[in-house]
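Visitor: Below: one structure in structure tokens.
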Amino acid sequence: MAQAIQKITLSAARDIPFNKLVLSQQNVRKIKAGVSIEDLAEDIAHRGLLTSLNVRPELDDDGNETGSYRIPAGGRRYRALERLVAQKRLAKTAGVPCIVSQGETLEVEDSLAENVQRVSLHPLDQFRAFQTLREQGLGEEEIAARFFVSVATVRQRLRLASVSPRLLDLYAEDEMTLEQIMAFSITNDHVRQEQVWDTISRSHSREPYYVRRLLTETAIRASDRRAVYVGIEAYEAAGGVTMRDLFEQDQGGWLQDPALLEQLVMEKLKADAEAIRISGGWKWVEAAFDFPYGHTSGLRRVYGEQAEMTEDELARYDATRAEYDKLDAKYAEANEYSEATEQELEELGSELDRLNDRPFVFDPQDIARGGVFVSLGASGEIKIERGFVRPEDEPQAEVDPSTDGGDGRADHGSALAVTGAAGGEDTQPDDEDEAIKPLPDRLVLDLTAARTVALRNALANNPVIAFIGVLHALVLKTFYVYGSDSCLEVTLQSARFSQTPGLGDTVWAKEIDQRHDGWGQDLPKDPNDLWDFLIKLDEVSRQALFAHCTSLSVNAVIEPWNKRARAIAHAEQLARSIGFDMVEAGWTSTADNYLGRVTKARILQAVREAKGDQAAELIGHLKKTDMAREAERLMTGSSWLPEPLRMMVEGGTIEHNAVGDTIGSDEGETIFEAQDLPVFLLDEPETSDDDTGDTEREIGGEHLAAAE
């Protein structure tokens with residue numbers, strides 16, 4: 001005979017007056033969590049008590065009910081009701097819906113079960129509920145107020161509506177994480193979302209940051225200098241669309257229409273450049289996002305003079321300076337930090353800087369023939385370079401008819417050429433003619449040749465003046481493109497490197513430009529006054545100016561058609577002598593400067609050398625563009641250098657662990673011959689074409705990378 005199934009009897013529900021309820025000491029919840037008691041009280045006041053309390057009758061010593069009831073489960077709801085009673089918003093005798101337990105289980109067990117068996121609402125269900133409320137007319141602020149969450153939380157959940165329904169279904173089936181879904185929500189393009197998911201679902205990399213990167217690879221960050229210059233408001237007013245990420249710090253989002261942004265930038269840049277030309281009176285102005293490094297080569301630079309302070313400005317400066325010094329001295333003696341004093345000192349310092357930062361005034365003649373370069377700075381500000389004169393705009397110099405043009409070639413021998421007449425036959429003066437005639441050209445040549453040799457000898461015995469003489473020649477060549485000549489036939493060449501993109505934005509190029517402009521402001525405008533200026537200059541400043549001019553002639557570039565083996569070897573000697581190293585100088589490998597410009601095999605080799613085989617295996621399956629970006633991220637903080645940037649050691653080899661350590665020698669310098677140089681200086685340049693370098697064939701399940 002089959003055993004009868006025992007029927008379950010549920011505990012009865014009844015309303016119990018609030019003043020008959022007391023908290024049980026067996027309630028397991030001891031730590032505050034979730035919605036606060038205050039918020040829960042407001043929710044009960046708004047919509048009533050949605051969940052009954054679990055209670056048990058209070059018994060006396062004889063086992064009889066006392067009329068009071070203990071609450072083992074529902075303590076927070078009781079505290080919320082208690083708050084409403086204290087606020088006189090609920091009567092003490094108001095009936096509270098309760099489930100009266102029959103007491104067959106322990107109180108602590110009931111309390112634990114109620115909390116453990118509860119399942120938090122799935123974020124997707126919360127999103128759909130918020131969406132339903134919004135469709136029924138509730139705003140985001142009202143929804144947030146009713147459920148005691150932030151408006152940002154409501155917007156984040158509602159943002160999931162931008163995700164493809166297919167992806168939401170995958171999330172509901174736990175095939176995707178909430179973080180991944182949130183990453184997909186930055187765009188409304190469902191087709192693109194599904195394409196990205198299909199891509200990453202076949203790979204090992206499914207991290208949210210990688211999803212965001214793929215979705216924004218054709219967009220421009222709002223922090224980009226072009227976006228900062230134009231402004232997001234102007235871009236959106238012109239019809240541009242901005243992607244936003246409500247779940248992460250996105251620095252303003254991503255601009256989805258690069259072409260529109262480029263157009264707006266050029267329109268604004270040209271308008272600003274024209275305004276600068278008109279307001280300043282310049283002859284010409286050129287505007288561009290960037291100018292190649294060395295774009296001012298061959299142009300003469302003129303410098304303005306800072307306007308003098310007016311009497312009022314000078315008086316204000318003196319008063320501000322005195323107030324700053326007094327407050328600073330008083331604060332230095334104080335024992336405690338004062339935010340108010342710090343703020344006041346900062347304001348006084350800003351006022352002093354403003355008074356010192358006066359505009360430069362240019363000569364009207366220089367303005368009439370000069371021009372301005374206008375471009376975008378690294379932070380989105382306008383970069384203005386004023387005072388450049390083109391060769392065709394230079395004033396016509398008066399040519400002395402007696403000046404011998406010559407061929408400009410220098411004679412580096414120990415004696416000057418004196419054979420042959422410089423101007424016609426070498427005729428003897430007519431002793432019978434009493435009139436004084438000009439000296440014969442040949443005689444002048446011979447006499448000045450003798451003086452030159454004697455002057456050479458004298459200069460060799462005066463190192464200080466010899467140094468000034470060379471410095472004079474270098475400064476004339478560096479700062480005075482059309483200045484006076486020097487009697488020293490010393491030449492200086494400076495390669496432009498305009499073919500290398502982004503070189504002008506490096507910290508090294510900026511320091512050179514700042515140093516050059518600083519000297520340009522200090523040097524005399526007339527090159528004929530330069531010698532006296534250098535004579536009066538102190539020794540330290542002379543050496544600094546000499547080093548600056550000399551540095552501009554350094555050329556350690558390896559060209560495909562000219563390996564310049566001996567010059568490169570000398571550059572290594574120069575670098576070792578000054579303790580130079582590219583890692584210490586701040587160079588790091590990025591997708592733009594190296595990783596994105598070599599083959600995949602080279603990228604993996606770099607990661608392997610910098611971070612090990614395991615790091616290289618993480619990105620081996622990616623396409624080249626993604627591989628370069630991931631390699632840049634993995635190699636951040638490493639001191640890896642590609643071969644052309646590594647320091648050569650004695651014997652001509654290059655340190656291949658590439659951690660940027662400079663290996664020196666205590667036995668003096670070594671002269672490098674061409675055959676001692678590394679392979680990359682001797683062999684033909686390898687092909688780095690993307691089509692050939694990225695070719696891969698899959699044979700028998702194994703990936704074979706094309707040989708470089």
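FYI, nothing fancy with the structure tokens labels: chains A, B, ... in order, residues from 1 per chain, ligands from 1 as they appear.
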Can you pull out every residue from segment 21-253 of chain A that DSSP, working from the backbone, puts in helix (DSSP H, G or I), and format the result as a ChimeraX atom specification?
Guide: /A:37-47,75-86,107-116,123-135,140-147,151-162,165-172,178-184,190-200,208-215,225-230,232-237
Visitor: Using only C-alpha atoms, determine which residues lie at most 10 Å from Leu352 of chain A, disregarding the query and same-chain residues fewer than 2 positions distant; provide the list as number ranges by chain.
Guide: A: 316-318, 320-321, 324, 346-350, 354-357
Visitor: In Å, how far is it from atom CA of Val228 of chain A to atom CA of Arg496 of chain A?
Guide: 29.6 Å
Visitor: If you run DSSP over the backbone, which residues in segment 117-286 of chain A end up strand (DSSP E or B)? Put them as a list in words.
Guide: Ile220, Arg221, Thr242, Met243, Trp254, Leu255, Trp284, Val285 and Glu286 of chain A
